[in-house]
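Data file: structure.json. Format and content: JSON, C-alpha atoms.
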[["chain", "number", "residue", "atom", "x", "y", "z"],
["A", 1, "MET", "CA", 10.46, 25.60, -23.63],
["A", 2, "ALA", "CA", 14.23, 25.76, -24.16],
["A", 3, "PRO", "CA", 15.69, 23.51, -26.87],
["A", 4, "GLY", "CA", 16.69, 20.12, -25.53],
["A", 5, "LYS", "CA", 14.82, 20.59, -22.24],
["A", 6, "PRO", "CA", 12.41, 17.69, -21.63],
["A", 7, "ASP", "CA", 8.71, 18.40, -21.24],
["A", 8, "ILE", "CA", 7.98, 17.25, -17.68],
["A", 9, "ARG", "CA", 4.24, 17.80, -17.86],
["A", 10, "PRO", "CA", 2.37, 14.59, -17.06],
["A", 11, "SER", "CA", 1.00, 12.83, -20.11],
["A", 12, "GLU", "CA", -2.79, 12.58, -20.18],
["A", 13, "ALA", "CA", -2.55, 9.26, -22.02],
["A", 14, "ARG", "CA", -0.14, 7.83, -19.44],
["A", 15, "LEU", "CA", -2.43, 8.96, -16.64],
["A", 16, "ARG", "CA", -5.43, 7.30, -18.31],
["A", 17, "LEU", "CA", -3.47, 4.08, -18.76],
["A", 18, "LEU", "CA", -2.29, 4.05, -15.17],
["A", 19, "THR", "CA", -5.73, 4.94, -13.78],
["A", 20, "THR", "CA", -7.36, 2.23, -15.87],
["A", 21, "ALA", "CA", -4.77, -0.38, -14.93],
["A", 22, "THR", "CA", -5.01, 0.51, -11.24],
["A", 23, "ARG", "CA", -8.78, 0.05, -11.26],
["A", 24, "ILE", "CA", -8.79, -3.22, -13.20],
["A", 25, "PHE", "CA", -5.69, -4.83, -11.66],
["A", 26, "TYR", "CA", -7.05, -4.25, -8.17],
["A", 27, "ALA", "CA", -10.57, -5.42, -8.95],
["A", 28, "GLU", "CA", -9.76, -8.46, -11.09],
["A", 29, "GLY", "CA", -6.12, -9.39, -10.58],
["A", 30, "ILE", "CA", -3.04, -8.80, -12.70],
["A", 31, "HIS", "CA", -2.46, -11.96, -14.75],
["A", 32, "SER", "CA", -6.10, -12.17, -15.84],
["A", 33, "VAL", "CA", -6.04, -8.70, -17.44],
["A", 34, "GLY", "CA", -4.42, -8.31, -20.85],
["A", 35, "ILE", "CA", -2.81, -5.25, -22.36],
["A", 36, "ASP", "CA", -5.45, -5.09, -25.10],
["A", 37, "ARG", "CA", -8.21, -4.52, -22.56],
["A", 38, "ILE", "CA", -6.30, -1.76, -20.80],
["A", 39, "ILE", "CA", -5.57, -0.07, -24.13],
["A", 40, "SER", "CA", -9.23, -0.31, -25.09],
["A", 41, "GLU", "CA", -10.63, 1.02, -21.81],
["A", 42, "ALA", "CA", -8.03, 3.78, -21.59],
["A", 43, "LYS", "CA", -8.89, 4.75, -25.18],
["A", 44, "VAL", "CA", -5.32, 4.97, -26.43],
["A", 45, "THR", "CA", -3.46, 3.32, -29.28],
["A", 46, "ARG", "CA", -1.12, 0.38, -28.88],
["A", 47, "ALA", "CA", 1.77, 2.62, -29.94],
["A", 48, "THR", "CA", 0.86, 5.09, -27.19],
["A", 49, "PHE", "CA", 0.81, 2.31, -24.62],
["A", 50, "TYR", "CA", 4.27, 1.06, -25.54],
["A", 51, "ARG", "CA", 5.64, 4.59, -25.65],
["A", 52, "HIS", "CA", 4.80, 4.98, -21.97],
["A", 53, "PHE", "CA", 5.17, 1.37, -20.83],
["A", 54, "PRO", "CA", 7.60, -0.82, -22.80],
["A", 55, "SER", "CA", 6.06, -3.96, -21.26],
["A", 56, "LYS", "CA", 3.19, -5.09, -19.09],
["A", 57, "ASP", "CA", 5.63, -5.50, -16.20],
["A", 58, "ASP", "CA", 6.49, -1.80, -16.47],
["A", 59, "LEU", "CA", 2.80, -0.97, -16.14],
["A", 60, "ILE", "CA", 2.43, -3.32, -13.16],
["A", 61, "LEU", "CA", 5.37, -1.67, -11.41],
["A", 62, "ALA", "CA", 3.86, 1.76, -12.07],
["A", 63, "TYR", "CA", 0.55, 0.51, -10.65],
["A", 64, "LEU", "CA", 2.21, -0.71, -7.45],
["A", 65, "ARG", "CA", 4.15, 2.53, -7.09],
["A", 66, "GLU", "CA", 0.93, 4.47, -7.52],
["A", 67, "VAL", "CA", -0.73, 2.48, -4.74],
["A", 68, "HIS", "CA", 2.39, 2.94, -2.60],
["A", 69, "GLU", "CA", 2.22, 6.71, -3.04],
["A", 70, "MET", "CA", -1.46, 6.77, -2.07],
["A", 71, "GLU", "CA", -0.74, 4.77, 1.09],
["A", 72, "ARG", "CA", 2.29, 6.90, 1.87],
["A", 73, "GLU", "CA", 0.22, 10.08, 1.63],
["A", 74, "THR", "CA", -2.28, 8.63, 4.10],
["A", 75, "VAL", "CA", 0.46, 7.62, 6.54],
["A", 76, "ASP", "CA", 2.26, 10.96, 6.22],
["A", 77, "ALA", "CA", -0.99, 12.80, 6.93],
["A", 78, "ALA", "CA", -1.63, 10.67, 10.03],
["A", 79, "ILE", "CA", 1.85, 11.49, 11.32],
["A", 80, "ALA", "CA", 1.57, 15.20, 10.54],
["A", 81, "ASP", "CA", -1.86, 15.57, 12.16],
["A", 82, "ASN", "CA", -1.05, 13.74, 15.41],
["A", 83, "SER", "CA", 1.78, 14.62, 17.77],
["A", 84, "SER", "CA", 1.38, 12.22, 20.70],
["A", 85, "PRO", "CA", 3.21, 8.86, 20.57],
["A", 86, "VAL", "CA", 0.14, 6.66, 20.04],
["A", 87, "ASP", "CA", -2.15, 8.92, 18.04],
["A", 88, "PRO", "CA", -0.38, 8.56, 14.65],
["A", 89, "LEU", "CA", -0.51, 4.78, 15.00],
["A", 90, "LEU", "CA", -4.20, 4.88, 15.91],
["A", 91, "ALA", "CA", -4.84, 7.16, 12.93],
["A", 92, "ILE", "CA", -3.02, 4.77, 10.58],
["A", 93, "ALA", "CA", -5.06, 1.87, 11.97],
["A", 94, "GLY", "CA", -8.22, 3.92, 11.53],
["A", 95, "SER", "CA", -7.46, 4.58, 7.87],
["A", 96, "ILE", "CA", -6.87, 0.87, 7.32],
["A", 97, "ALA", "CA", -10.20, 0.04, 8.98],
["A", 98, "GLN", "CA", -11.94, 2.64, 6.83],
["A", 99, "ASN", "CA", -10.39, 1.13, 3.71],
["A", 100, "ILE", "CA", -11.60, -2.34, 4.65],
["A", 101, "GLN", "CA", -15.16, -1.03, 4.86],
["A", 102, "SER", "CA", -15.01, 0.96, 1.62],
["A", 103, "PRO", "CA", -17.01, -0.08, -1.48],
["A", 104, "GLY", "CA", -15.06, -2.31, -3.85],
["A", 105, "PHE", "CA", -12.56, -3.40, -1.19],
["A", 106, "ARG", "CA", -10.64, -6.44, -2.39],
["A", 107, "GLY", "CA", -7.83, -6.79, 0.11],
["A", 108, "CYS", "CA", -4.29, -5.49, 0.01],
["A", 109, "ALA", "CA", -3.05, -4.69, -3.50],
["A", 110, "PHE", "CA", 0.46, -5.79, -2.54],
["A", 111, "LEU", "CA", -0.53, -9.08, -0.94],
["A", 112, "ASN", "CA", -2.73, -9.80, -3.94],
["A", 113, "ALA", "CA", 0.16, -9.11, -6.29],
["A", 114, "ALA", "CA", 2.50, -11.24, -4.18],
["A", 115, "ALA", "CA", 0.18, -14.21, -4.65],
["A", 116, "GLU", "CA", 0.52, -13.79, -8.42],
["A", 117, "TYR", "CA", 4.30, -13.26, -8.41],
["A", 118, "PRO", "CA", 5.91, -15.85, -6.11],
["A", 119, "ALA", "CA", 9.44, -15.67, -7.57],
["A", 120, "ALA", "CA", 11.66, -13.75, -5.14],
["A", 121, "ASP", "CA", 13.84, -12.27, -7.88],
["A", 122, "HIS", "CA", 10.99, -10.88, -9.99],
["A", 123, "PRO", "CA", 10.90, -7.05, -10.14],
["A", 124, "VAL", "CA", 7.23, -7.04, -9.12],
["A", 125, "ARG", "CA", 8.01, -9.13, -6.04],
["A", 126, "GLN", "CA", 10.90, -6.82, -5.17],
["A", 127, "GLU", "CA", 8.62, -3.80, -5.46],
["A", 128, "ILE", "CA", 6.20, -5.46, -3.03],
["A", 129, "ILE", "CA", 9.00, -6.17, -0.54],
["A", 130, "ALA", "CA", 10.24, -2.57, -0.79],
["A", 131, "HIS", "CA", 6.76, -1.25, 0.01],
["A", 132, "ARG", "CA", 6.35, -3.57, 2.97],
["A", 133, "GLN", "CA", 9.79, -2.68, 4.29],
["A", 134, "TRP", "CA", 8.89, 1.01, 4.11],
["A", 135, "PHE", "CA", 5.69, 0.37, 6.06],
["A", 136, "LEU", "CA", 7.49, -1.72, 8.70],
["A", 137, "ASP", "CA", 10.27, 0.87, 9.06],
["A", 138, "THR", "CA", 7.70, 3.65, 9.44],
["A", 139, "LEU", "CA", 5.82, 1.75, 12.11],
["A", 140, "SER", "CA", 9.06, 0.88, 13.92],
["A", 141, "THR", "CA", 9.98, 4.57, 14.09],
["A", 142, "LEU", "CA", 6.54, 5.43, 15.48],
["A", 143, "MET", "CA", 6.56, 2.51, 17.92],
["A", 144, "ALA", "CA", 9.94, 3.65, 19.24],
["A", 145, "GLN", "CA", 8.18, 6.73, 20.60],
["A", 146, "VAL", "CA", 5.83, 4.45, 22.55],
["A", 147, "HIS", "CA", 8.49, 1.99, 23.79],
["A", 148, "GLN", "CA", 11.98, 1.95, 22.35],
["A", 149, "GLU", "CA", 13.04, -1.57, 23.34],
["A", 150, "THR", "CA", 10.05, -3.33, 21.78],
["A", 151, "ALA", "CA", 9.57, -1.05, 18.77],
["A", 152, "GLU", "CA", 10.57, -3.56, 16.10],
["A", 153, "PRO", "CA", 8.57, -6.57, 17.33],
["A", 154, "ALA", "CA", 5.60, -4.32, 18.05],
["A", 155, "ALA", "CA", 5.77, -2.96, 14.50],
["A", 156, "ARG", "CA", 5.89, -6.50, 13.12],
["A", 157, "HIS", "CA", 2.86, -7.33, 15.28],
["A", 158, "PHE", "CA", 1.00, -4.33, 13.83],
["A", 159, "VAL", "CA", 1.83, -5.45, 10.28],
["A", 160, "MET", "CA", 0.56, -8.97, 10.98],
["A", 161, "LEU", "CA", -2.67, -7.59, 12.46],
["A", 162, "ARG", "CA", -3.05, -5.42, 9.37],
["A", 163, "ASP", "CA", -2.35, -8.30, 6.95],
["A", 164, "GLY", "CA", -4.90, -10.51, 8.69],
["A", 165, "ALA", "CA", -7.52, -7.78, 8.66],
["A", 166, "MET", "CA", -6.95, -7.02, 4.97],
["A", 167, "ALA", "CA", -7.42, -10.70, 4.10],
["A", 168, "ALA", "CA", -10.39, -11.27, 6.41],
["A", 169, "GLY", "CA", -12.11, -8.10, 5.23],
["A", 170, "CYS", "CA", -12.80, -9.80, 1.89],
["A", 171, "LEU", "CA", -14.29, -12.90, 3.50],
["A", 172, "PHE", "CA", -16.25, -11.77, 6.53],
["A", 173, "ASP", "CA", -18.26, -8.80, 7.74],
["A", 174, "PRO", "CA", -15.97, -5.81, 7.10],
["A", 175, "ALA", "CA", -17.30, -3.87, 10.11],
["A", 176, "MET", "CA", -16.60, -6.80, 12.44],
["A", 177, "VAL", "CA", -13.15, -7.31, 10.96],
["A", 178, "SER", "CA", -12.34, -3.61, 11.30],
["A", 179, "ASP", "CA", -13.50, -3.55, 14.92],
["A", 180, "THR", "CA", -11.40, -6.61, 15.75],
["A", 181, "PHE", "CA", -8.37, -5.10, 14.05],
["A", 182, "LEU", "CA", -8.71, -1.79, 15.89],
["A", 183, "ARG", "CA", -9.10, -3.55, 19.22],
["A", 184, "GLY", "CA", -5.93, -5.51, 18.48],
["A", 185, "VAL", "CA", -3.96, -2.37, 17.67],
["A", 186, "GLU", "CA", -5.29, -0.57, 20.75],
["A", 187, "GLY", "CA", -4.26, -3.51, 22.93],
["A", 188, "LEU", "CA", -0.82, -3.62, 21.34],
["A", 189, "LEU", "CA", -0.28, 0.09, 21.99],
["A", 190, "GLN", "CA", -1.60, -0.14, 25.53],
["A", 191, "ILE", "CA", 0.79, -2.95, 26.41],
["A", 192, "ASN", "CA", 3.79, -1.12, 25.02],
["A", 193, "ALA", "CA", 2.81, 2.21, 26.58],
["A", 194, "GLU", "CA", 2.49, 0.50, 29.96],
["A", 195, "ARG", "CA", 5.96, -0.98, 29.55],
["A", 196, "GLN", "CA", 7.31, 2.50, 28.94],
["A", 197, "SER", "CA", 5.54, 3.99, 31.97],
["A", 198, "THR", "CA", 6.70, 1.29, 34.38],
["A", 199, "GLU", "CA", 10.37, 1.46, 33.43],
["A", 200, "PRO", "CA", 12.64, 3.51, 35.71],
["A", 201, "ALA", "CA", 13.76, 6.81, 34.30],
["A", 202, "GLY", "CA", 17.22, 6.68, 32.79]]
Can you present the structure in this file as structure tokens?
Amino acid sequence: MAPGKPDIRPSEARLRLLTTATRIFYAEGIHSVGIDRIISEAKVTRATFYRHFPSKDDLILAYLREVHEMERETVDAAIADNSSPVDPLLAIAGSIAQNIQSPGFRGCAFLNAAAEYPAADHPVRQEIIAHRQWFLDTLSTLMAQVHQETAEPAARHFVMLRDGAMAAGCLFDPAMVSDTFLRGVEGLLQINAERQSTEPAG
């Protein structure tokens, strides 16, 4: 490596810390989990922790960004694998339904974090808003291919269906919740596709 050139290889210790935090924060909540436990379960020293994450908030932000990247990869794959207007949206809904029925499901990581960080100016809250804006913008772009004029409200409707399903999936039968969610998305897409088909050609 040339002198002065930073080593960009991912740190194994940082990866262990982030993996450990992601697992515990999602399963048990953020405020209830202390740094000492994460250090212990990740099997690193306190100095190593602070070298990678100057504060717990820095670790929390990294956790949320990690979850964001995982969700973004799923959405990008759904878009890449489906070319018709409605199929990417159905694929995204399908991945959400699958997540709801997965072992260890505990709702939406971002909604859970929002409940613990109500202050609008907190960096964690801002990270949550940024993620949700990305998701809404992505859905709006996809909905525009189904029906341009109603793309934004339809995308908001999809997000609300998703939020409700993610919350209900922790409280009721996940299979029933997933089925209800998918039926809602299918109905939403059908209505907007019919609007598109009945409009006169420009």
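The space between atom CA of A:Ile92 and atom CA of A:Ala78 spans 6.1 Å.
Here atom CA of A:Gln101 and atom CA of A:Pro174 stand 5.3 Å from one another.
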Using only C-alpha atoms, can you tell me which of A:Val67, A:Leu161, A:Ile79, A:Leu90 comes closest to A:His131? A:Val67
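Shortest atom-to-atom contact with A:Leu136 among A:Ala113, A:Met166, A:Ala193, A:Val75: A:Val75, counting all atoms listed in the file.
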Given all atoms listed in the file as the basis, pick out the residue of A:Glu28, A:Ile100, A:Asn192, A:Gln145 nearest to A:Leu171. A:Ile100
